[in-house]
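Text of model-v8.txt, listed as compact mmCIF, C-alpha atoms:
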# COMPACT_ATOMS: atom_id res chain seq x y z
CA MET A 1 15.04 -22.93 7.07
CA ALA A 2 12.13 -22.60 9.52
CA LEU A 3 12.85 -21.47 13.06
CA VAL A 4 10.69 -24.33 14.41
CA PRO A 5 10.36 -27.57 12.38
CA CYS A 6 6.81 -28.38 11.31
CA GLN A 7 7.02 -31.75 13.08
CA VAL A 8 7.62 -29.97 16.40
CA LEU A 9 4.73 -27.60 15.72
CA ARG A 10 2.36 -30.50 15.11
CA VAL A 11 3.38 -32.17 18.37
CA ALA A 12 2.86 -28.91 20.27
CA ILE A 13 -0.57 -28.34 18.70
CA LEU A 14 -1.58 -31.93 19.46
CA LEU A 15 -0.58 -31.53 23.10
CA SER A 16 -2.53 -28.26 23.35
CA TYR A 17 -5.69 -29.90 22.02
CA CYS A 18 -5.26 -32.79 24.45
CA SER A 19 -4.94 -30.29 27.29
CA ILE A 20 -8.06 -28.40 26.16
CA LEU A 21 -10.09 -31.61 25.89
CA CYS A 22 -8.98 -32.83 29.33
CA ASN A 23 -9.80 -29.50 30.98
CA TYR A 24 -13.15 -29.28 29.21
CA LYS A 25 -14.19 -32.79 30.23
CA ALA A 26 -13.10 -32.08 33.79
CA ILE A 27 -15.66 -29.26 34.07
CA GLU A 28 -18.89 -30.36 35.73
CA MET A 29 -21.66 -28.53 33.94
CA PRO A 30 -25.36 -29.43 33.95
CA SER A 31 -25.38 -29.72 30.15
CA HIS A 32 -22.79 -32.49 30.33
CA GLN A 33 -25.14 -34.59 32.44
CA THR A 34 -28.08 -34.42 30.01
CA TYR A 35 -28.79 -36.55 26.97
CA GLY A 36 -25.92 -36.53 24.48
CA GLY A 37 -23.43 -35.08 26.95
CA SER A 38 -20.63 -33.05 25.35
CA TRP A 39 -21.16 -34.75 21.97
CA LYS A 40 -24.20 -32.64 21.19
CA PHE A 41 -22.04 -29.51 20.89
CA LEU A 42 -20.28 -28.86 17.61
CA THR A 43 -17.43 -27.18 19.48
CA PHE A 44 -16.57 -30.40 21.29
CA ILE A 45 -16.90 -32.44 18.08
CA ASP A 46 -14.58 -29.98 16.36
CA LEU A 47 -12.01 -30.32 19.18
CA VAL A 48 -12.06 -34.09 18.73
CA ILE A 49 -11.70 -33.71 14.95
CA GLN A 50 -8.71 -31.36 15.35
CA ALA A 51 -7.03 -33.61 17.93
CA VAL A 52 -7.49 -36.72 15.75
CA PHE A 53 -6.25 -34.86 12.67
CA PHE A 54 -3.06 -33.60 14.33
CA GLY A 55 -2.58 -37.04 15.85
CA ILE A 56 -2.62 -38.45 12.31
CA CYS A 57 -0.15 -35.72 11.26
CA VAL A 58 2.26 -36.69 14.05
CA LEU A 59 1.87 -40.36 13.18
CA THR A 60 2.60 -39.57 9.53
CA ASP A 61 5.77 -37.70 10.48
CA LEU A 62 6.97 -40.61 12.63
CA SER A 63 6.23 -43.12 9.89
CA SER A 64 8.05 -40.96 7.36
CA LEU A 65 11.14 -40.83 9.58
CA LEU A 66 11.09 -44.60 10.16
CA THR A 67 10.59 -45.58 6.52
CA ARG A 68 13.07 -43.09 5.07
CA GLY A 69 15.80 -44.97 3.24
CA SER A 70 14.47 -48.40 4.20
CA GLY A 71 13.37 -49.37 0.70
CA ASN A 72 10.42 -51.40 2.02
CA GLN A 73 7.62 -51.16 -0.55
CA GLU A 74 4.93 -52.27 1.92
CA GLN A 75 5.86 -49.58 4.43
CA GLU A 76 5.89 -46.94 1.72
CA ARG A 77 2.45 -48.07 0.57
CA GLN A 78 1.11 -47.84 4.13
CA LEU A 79 2.68 -44.38 4.46
CA LYS A 80 0.92 -43.21 1.31
CA LYS A 81 -2.41 -44.42 2.69
CA LEU A 82 -1.74 -42.54 5.92
CA ILE A 83 -0.90 -39.38 4.00
CA SER A 84 -4.08 -39.75 1.93
CA LEU A 85 -6.14 -40.08 5.14
CA ARG A 86 -4.45 -36.99 6.58
CA ASP A 87 -5.15 -34.95 3.46
CA TRP A 88 -8.77 -36.14 3.25
CA MET A 89 -9.43 -35.29 6.87
CA LEU A 90 -8.01 -31.79 6.49
CA ALA A 91 -10.03 -31.10 3.37
CA VAL A 92 -13.38 -32.53 4.50
CA LEU A 93 -13.44 -32.05 8.29
CA ALA A 94 -10.59 -30.15 9.91
CA PHE A 95 -10.61 -27.00 7.80
CA PRO A 96 -14.34 -26.43 7.04
CA VAL A 97 -15.63 -27.47 10.48
CA GLY A 98 -12.88 -25.58 12.32
CA VAL A 99 -13.41 -22.35 10.38
CA PHE A 100 -17.19 -22.72 10.69
CA VAL A 101 -17.03 -23.04 14.49
CA VAL A 102 -14.78 -19.99 14.85
CA ALA A 103 -16.71 -17.77 12.43
CA VAL A 104 -20.27 -18.62 13.51
CA PHE A 105 -19.49 -18.58 17.23
CA TRP A 106 -17.88 -15.14 17.26
CA ILE A 107 -20.46 -13.61 14.89
CA ILE A 108 -23.36 -14.71 17.10
CA TYR A 109 -21.35 -13.86 20.23
CA ALA A 110 -20.80 -10.30 18.97
CA TYR A 111 -24.51 -9.94 18.18
CA ASP A 112 -25.84 -11.39 21.46
CA ARG A 113 -23.72 -13.72 23.55
CA GLU A 114 -26.76 -15.03 25.45
CA MET A 115 -27.90 -16.71 22.22
CA ILE A 116 -24.90 -19.02 22.03
CA TYR A 117 -22.65 -18.62 25.08
CA PRO A 118 -24.60 -17.34 28.11
CA LYS A 119 -22.76 -15.33 30.69
CA LEU A 120 -23.52 -18.06 33.21
CA LEU A 121 -20.91 -20.26 31.51
CA ASP A 122 -18.17 -17.89 32.64
CA ASN A 123 -18.53 -19.48 36.09
CA PHE A 124 -17.59 -22.87 34.66
CA ILE A 125 -15.36 -22.21 31.64
CA PRO A 126 -12.33 -19.91 32.08
CA GLY A 127 -11.48 -17.38 29.39
CA TRP A 128 -8.36 -19.17 28.13
CA LEU A 129 -10.32 -22.38 27.63
CA ASN A 130 -13.01 -20.52 25.71
CA HIS A 131 -10.40 -19.12 23.33
CA GLY A 132 -8.77 -22.52 23.09
CA MET A 133 -12.06 -23.97 21.85
CA HIS A 134 -13.28 -21.09 19.66
CA THR A 135 -10.24 -19.04 18.61
CA THR A 136 -6.96 -20.95 18.32
CA VAL A 137 -8.52 -23.53 15.99
CA LEU A 138 -8.23 -21.17 13.03
CA PRO A 139 -4.53 -20.20 13.33
CA PHE A 140 -3.56 -23.83 14.06
CA ILE A 141 -5.24 -25.14 10.94
CA LEU A 142 -3.76 -22.33 8.82
CA ILE A 143 -0.28 -23.14 10.15
CA GLU A 144 -0.75 -26.77 9.16
CA MET A 145 -1.96 -25.80 5.70
CA ARG A 146 1.01 -23.51 5.23
CA THR A 147 3.70 -25.89 6.47
CA SER A 148 2.64 -29.01 4.51
CA HIS A 149 1.14 -29.64 1.11
CA HIS A 150 -2.19 -31.49 1.16
CA GLN A 151 -3.77 -33.22 -1.80
CA TYR A 152 -7.49 -32.47 -1.93
CA PRO A 153 -9.89 -35.21 -3.09
CA SER A 154 -12.12 -34.78 -6.11
CA ARG A 155 -14.55 -31.93 -5.66
CA SER A 156 -17.66 -34.10 -6.00
CA SER A 157 -16.54 -36.57 -3.33
CA GLY A 158 -15.37 -33.79 -1.03
CA LEU A 159 -18.65 -31.86 -1.27
CA THR A 160 -20.61 -35.07 -0.78
CA ALA A 161 -18.67 -35.85 2.38
CA ILE A 162 -19.08 -32.38 3.88
CA CYS A 163 -22.80 -32.34 3.05
CA THR A 164 -23.17 -35.74 4.74
CA PHE A 165 -21.47 -34.42 7.87
CA SER A 166 -23.59 -31.26 7.94
CA VAL A 167 -26.91 -33.05 7.45
CA GLY A 168 -25.89 -35.71 9.98
CA TYR A 169 -25.15 -33.11 12.67
CA ILE A 170 -28.41 -31.25 11.95
CA LEU A 171 -30.36 -34.48 12.34
CA TRP A 172 -28.49 -35.18 15.57
CA VAL A 173 -29.43 -31.74 16.97
CA CYS A 174 -33.07 -32.31 16.01
CA TRP A 175 -33.04 -35.73 17.65
CA VAL A 176 -31.64 -34.28 20.88
CA HIS A 177 -34.46 -31.73 20.85
CA HIS A 178 -36.97 -34.49 20.21
CA VAL A 179 -35.71 -36.50 23.20
CA THR A 180 -35.08 -33.70 25.72
CA GLY A 181 -37.46 -31.01 24.48
CA MET A 182 -34.61 -28.44 24.50
CA TRP A 183 -32.46 -27.15 21.72
CA VAL A 184 -28.69 -27.52 21.99
CA TYR A 185 -28.15 -23.82 21.29
CA PRO A 186 -30.35 -21.21 23.04
CA PHE A 187 -30.92 -19.04 19.97
CA LEU A 188 -32.85 -21.87 18.28
CA GLU A 189 -35.52 -21.40 20.95
CA HIS A 190 -36.16 -17.81 19.78
CA ILE A 191 -36.77 -18.47 16.08
CA GLY A 192 -39.67 -20.19 14.35
CA PRO A 193 -39.67 -23.48 12.42
CA GLY A 194 -39.27 -21.74 9.06
CA ALA A 195 -36.32 -19.71 10.32
CA ARG A 196 -34.74 -22.91 11.67
CA ILE A 197 -35.03 -24.58 8.28
CA ILE A 198 -33.43 -21.53 6.63
CA PHE A 199 -30.68 -21.51 9.25
CA PHE A 200 -29.89 -25.21 8.84
CA GLY A 201 -29.86 -24.86 5.05
CA SER A 202 -27.59 -21.81 5.28
CA THR A 203 -25.14 -23.66 7.52
CA THR A 204 -24.94 -26.52 5.01
CA ILE A 205 -24.26 -24.08 2.18
CA LEU A 206 -21.65 -22.32 4.32
CA MET A 207 -19.92 -25.65 5.00
CA ASN A 208 -19.70 -26.32 1.26
CA PHE A 209 -18.35 -22.82 0.67
CA LEU A 210 -15.68 -23.31 3.34
CA TYR A 211 -14.64 -26.57 1.69
CA LEU A 212 -14.15 -24.74 -1.62
CA LEU A 213 -12.34 -21.93 0.18
CA GLY A 214 -9.90 -24.42 1.69
CA GLU A 215 -9.26 -25.96 -1.71
CA VAL A 216 -8.58 -22.58 -3.29
CA LEU A 217 -6.34 -21.53 -0.40
CA ASN A 218 -4.35 -24.77 -0.56
CA ASN A 219 -3.85 -24.41 -4.31
CA TYR A 220 -2.83 -20.77 -3.92
CA ILE A 221 -0.21 -21.63 -1.28
CA TRP A 222 1.31 -24.67 -2.94
CA ASP A 223 0.74 -24.29 -6.66
CA THR A 224 4.04 -22.50 -7.29
CA GLN A 225 3.77 -22.51 -11.05
CA ARG A 226 0.34 -20.95 -11.01
CA SER A 227 1.40 -18.40 -8.40
CA CYS A 228 4.45 -17.43 -10.48
CA ALA A 229 2.32 -17.20 -13.61
CA PHE A 230 -0.18 -15.01 -11.79
CA GLY A 231 2.60 -12.76 -10.50
CA SER A 232 4.18 -12.51 -13.96
CA ALA A 233 0.82 -11.70 -15.53
CA ALA A 234 0.19 -9.01 -12.93
CA ILE A 235 3.61 -7.44 -13.57
CA TRP A 236 3.07 -7.57 -17.35
CA GLN A 237 -0.33 -5.90 -17.03
CA TYR A 238 1.21 -3.18 -14.86
CA GLU A 239 4.00 -2.49 -17.33
CA LEU A 240 1.55 -2.45 -20.24
CA LEU A 241 -0.73 0.00 -18.49
CA LYS A 242 2.25 2.13 -17.50
CA SER A 243 3.53 2.28 -21.10
CA ARG A 244 0.09 3.21 -22.42
CA VAL A 245 -0.33 6.01 -19.91
CA GLN A 246 3.21 7.27 -20.64
CA SER A 247 2.55 7.20 -24.41
CA TYR A 248 -0.69 9.11 -23.91
CA PHE A 249 0.97 11.90 -21.93
CA ASP A 250 3.93 12.00 -24.33
CA GLY A 251 1.50 12.53 -27.21
CA ILE A 252 -0.23 15.36 -25.36
CA LYS A 253 3.14 16.96 -24.59
CA ALA A 254 4.27 16.67 -28.20
CA ASP A 255 1.04 18.21 -29.52
CA TRP A 256 1.31 21.07 -27.05
CA SER A 257 4.96 21.70 -27.96
CA ASP A 258 4.17 21.70 -31.67
CA SER A 259 1.34 24.15 -31.16
CA ILE A 260 3.52 26.74 -29.40
CA ARG A 261 6.87 26.11 -31.18
CA PRO A 262 7.32 28.11 -34.42
CA GLN A 263 8.00 25.89 -37.40
CA LYS A 264 10.94 26.33 -39.73
CA GLY A 265 10.29 29.18 -42.19
CA ASP A 266 7.36 30.68 -40.28
CA PHE A 267 9.29 33.81 -39.37
CA ARG A 268 10.29 34.39 -43.00
CA LYS A 269 6.71 33.81 -44.13
CA GLU A 270 5.45 36.40 -41.64
CA ILE A 271 8.06 38.92 -42.84
CA ASN A 272 7.14 38.34 -46.50
CA LYS A 273 3.45 38.55 -45.70
CA GLY A 274 3.89 41.86 -43.84
CA TRP A 275 6.15 43.25 -46.61
CA ASN A 276 3.66 42.35 -49.33
CA ASN A 277 0.88 44.10 -47.44
CA LEU A 278 2.84 47.40 -47.45
CA SER A 279 2.33 50.04 -50.15
CA ASN A 280 5.21 51.49 -52.15
CA GLY A 281 5.37 54.53 -49.90
CA GLN A 282 5.41 52.42 -46.74
CA ARG A 283 8.19 50.25 -48.15
CA THR A 284 10.32 53.34 -48.95
CA GLN A 285 9.75 54.69 -45.48
CA VAL A 286 10.98 51.38 -44.02
CA PHE A 287 14.18 51.77 -46.07
CA PHE A 288 14.73 55.24 -44.70
CA LYS A 289 14.16 54.07 -41.13
CA LEU A 290 16.79 51.40 -41.58
CA ILE A 291 19.22 53.89 -43.11
CA ASN A 292 18.71 56.53 -40.42
CA HIS A 293 18.94 54.04 -37.56
CA LYS A 294 21.61 55.13 -35.09
CA SER A 295 23.06 53.23 -32.22
CA ARG A 296 25.09 54.51 -29.28
CA SER A 297 28.68 53.65 -28.47
CA PRO A 298 29.81 52.85 -24.92
CA PHE A 299 31.15 56.49 -24.75
CA GLY A 300 27.78 58.01 -25.64
CA HIS A 301 28.65 58.94 -29.29
CA SER A 302 26.30 58.28 -32.17
CA ILE A 303 27.44 55.54 -34.57
CA PRO A 304 26.45 56.06 -38.21
CA PRO A 305 24.65 53.23 -40.02
CA CYS A 306 26.51 50.74 -42.15
CA PRO A 307 27.66 52.35 -45.46
CA GLN A 308 27.27 49.03 -47.26
CA LEU A 309 23.54 49.23 -46.72
CA LEU A 310 23.45 52.63 -48.45
CA CYS A 311 25.50 51.31 -51.37
CA CYS A 312 23.14 48.40 -51.73
CA LEU A 313 20.20 50.76 -51.87
CA GLN A 314 21.78 53.11 -54.38
CA GLY A 315 21.55 50.56 -57.14
CA PRO A 316 17.81 49.98 -57.04
CA ILE A 317 17.20 53.70 -56.60
CA GLN A 318 19.32 54.65 -59.64
CA ASN A 319 17.97 51.85 -61.83
CA HIS A 320 14.30 52.38 -61.15
CA GLY A 321 14.44 56.10 -60.51
CA VAL A 322 14.10 57.87 -57.24
CA GLY A 323 10.77 59.31 -58.07
CA LYS A 324 9.40 55.91 -58.97
CA SER A 325 10.45 54.34 -55.67
CA LEU A 326 9.33 57.23 -53.54
CA PRO A 327 5.70 57.49 -52.44
CA THR A 328 3.44 60.07 -53.95
CA ARG A 329 0.67 61.98 -52.29
CA ARG A 330 -1.78 59.83 -54.10
CA ASP A 331 -0.29 56.66 -52.50
CA ASN A 332 0.29 57.99 -49.02
CA PRO A 333 -0.32 61.69 -48.43
CA VAL A 334 0.93 61.56 -44.89
CA SER A 335 4.33 59.97 -45.47
CA CYS A 336 5.24 61.45 -48.86
CA PHE A 337 8.39 63.59 -49.29
CA SER A 338 10.48 64.94 -52.13
CA VAL A 339 13.77 63.84 -53.59
CA TYR A 340 15.38 66.74 -51.88
CA SER A 341 14.24 65.57 -48.46
CA PHE A 342 15.49 62.12 -49.36
CA MET A 343 19.02 63.51 -50.02
CA LEU A 344 18.89 65.54 -46.83
CA GLN A 345 18.11 62.42 -44.80
CA ILE A 346 21.03 60.60 -46.36
CA LEU A 347 23.43 63.46 -45.61
CA SER A 348 22.13 63.76 -42.06
CA ALA A 349 22.64 60.04 -41.57
CA TYR A 350 26.29 60.30 -42.41
CA ARG A 351 27.16 63.30 -40.36
CA ILE A 352 30.46 63.12 -38.56
CA PRO A 353 29.69 62.96 -34.86
CA ALA A 354 31.11 65.69 -32.75
CA LEU A 355 33.88 64.58 -30.40
The structure given in the file should be rewritten as structure tokens.
Amino acid sequence: MALVPCQVLRVAILLSYCSILCNYKAIEMPSHQTYGGSWKFLTFIDLVIQAVFFGICVLTDLSSLLTRGSGNQEQERQLKKLISLRDWMLAVLAFPVGVFVVAVFWIIYAYDREMIYPKLLDNFIPGWLNHGMHTTVLPFILIEMRTSHHQYPSRSSGLTAICTFSVGYILWVCWVHHVTGMWVYPFLEHIGPGARIIFFGSTTILMNFLYLLGEVLNNYIWDTQRSCAFGSAAIWQYELLKSRVQSYFDGIKADWSDSIRPQKGDFRKEINKGWNNLSNGQRTQVFFKLINHKSRSPFGHSIPPCPQLLCCLQGPIQNHGVGKSLPTRRDNPVSCFSVYSFMLQILSAYRIPAL
């Protein structure tokens, strides 16, 4: 539930616009005494548009409260017409003209205030009134668009209406210049005829763009189904992208792990490969190294090798012959030895350690 009902907000905004208009009309400026008076300024026209629009909004709220539960078909039909007028006025006049006044005024003011709002006007118009005419219009119209749903007219009719308003105001400014010999806005005095035509054409295009912007913004705020679908699509795209990135890095991690992790049987293959590359003499020497291997006990005594290993080796040596298994000088001159040295190494391996 809103902290302040939208009906109360509309009444407050309407009263603020009435106050701004009354204070503005009470100011005695030389420009108000010339041809066209205040009606030659788009700012004043926009204030009237905003005040009339919020007046229609307040009238719609009152009519809705009075016709609620009455069951009168004629009153409901009149209420629908009033709502249609409110929506049309927001779409065609209130939003595009209000945003145009705020945007163009402050852009030109930031570039050179003397071109649109000379410093001399500070003696007539106070600062709060200036912001009331050129700043608060935008937040007020956005609040209205956010608090109530508005049905936009067809795009062709809406663009036709806003183009008619733009061209009509441009012709009115040119007519005022034709009658008085002075342009409504000072910066038009400093540009040539070609630049004026470009400026007037650009303002018309900008008005049409602002109409489309208001339509898109209204649909974005109130089209719940489309907003939910957009949010769901965005979440789905995020999850899909996240899963793809995760799968990519998982694949890289798996390939890296497989490249450094030894496969099953690789160690045995390396042992067999190294054993097959040894000569007969080198193989016999490996046997003797295994037989003569001694380890140390915790008390510092030598522990003889396992006798079962010697028994296992006695069979192949007796069956194939010691001389056949031992290396010869022709196979490996450096590591050859005799049968006698072979027996001596066995006896030395099984010496009883001294206590």
Quick one: pull the distance between CA of Leu59 (chain A) and CA of Trp222 (chain A), Å, one decimal. 22.5 Å
Would you kindly return, as a list in words, each protein, DNA or RNA residue with an atom no farther than 7 Å from any atom of Phe53 (chain A), considering only C-alpha atoms and excluding same-chain residues fewer than 2 positions away? Ile49, Gln50, Ala51, Gly55, Ile56, Cys57, Arg86, Met89 and Ala94 of chain A
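Within 9 Å of Thr43 (chain A), once all atoms listed in the file are used and residues closer than 2 positions along the same chain are dropped, the contacting residues are Ser38, Trp39, Lys40, Phe41, Ile45, Asp46, Leu47, Val48, Gly98, Val101, Val102, Met133 and His134 of chain A.
Taking CA of Leu138 (chain A) and CA of Val99 (chain A) as endpoints, the distance between them is 5.9 Å.
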Between CA of Ser84 (chain A) and CA of Asn72 (chain A) lies a distance of 18.6 Å
What's the 7 Å shell around region 107-120 of chain A, counting all atoms listed in the file, without same-chain residues fewer than 6 positions away, as a PyMOL selection string? chain A and resi 185-187
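Closest to Tyr17 (chain A) among A:Cys163, A:Leu129, A:Met29, A:Leu82 is A:Leu129, based on all atoms listed in the file.
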Would you kindly return, as an mmCIF file with C-alpha atoms, in the coordinates of the input, each protein, DNA or RNA residue with an atom no farther than 10 Å from any atom of Gly36 (chain A), considering only C-alpha atoms and excluding same-chain residues fewer than 5 positions away?
data_model
loop_
_atom_site.group_PDB
_atom_site.id
_atom_site.type_symbol
_atom_site.label_atom_id
_atom_site.label_comp_id
_atom_site.auth_asym_id
_atom_site.auth_seq_id
_atom_site.Cartn_x
_atom_site.Cartn_y
_atom_site.Cartn_z
ATOM 1 C CA SER A 31 -25.380 -29.720 30.150
ATOM 2 C CA PHE A 41 -22.040 -29.510 20.890
ATOM 3 C CA TRP A 172 -28.490 -35.180 15.570
ATOM 4 C CA VAL A 173 -29.430 -31.740 16.970
ATOM 5 C CA TRP A 175 -33.040 -35.730 17.650
ATOM 6 C CA VAL A 176 -31.640 -34.280 20.880
ATOM 7 C CA VAL A 179 -35.710 -36.500 23.200
ATOM 8 C CA THR A 180 -35.080 -33.700 25.720
ATOM 9 C CA VAL A 184 -28.690 -27.520 21.990
#
I want to know what sits within 12 Å of Pro96 (chain A), based on all atoms listed in the file, with residues of the same chain fewer than 4 positions away left out; could you give that as a ChimeraX atom specification? /A:46,49-50,88-92,100-104,137-138,141-142,158-159,161-163,165-166,203-215,217
Determine the axis-aligned bounding box of all atoms of region 183-187 of chain A present in the file, pad each side by 3 Å, and express its centre and edge lengths in Å to one decimal place as lines of an AutoDock Vina configuration file.
center_x = -30.3
center_y = -23.3
center_z = 21.5
size_x = 10.3
size_y = 14.5
size_z = 9.1
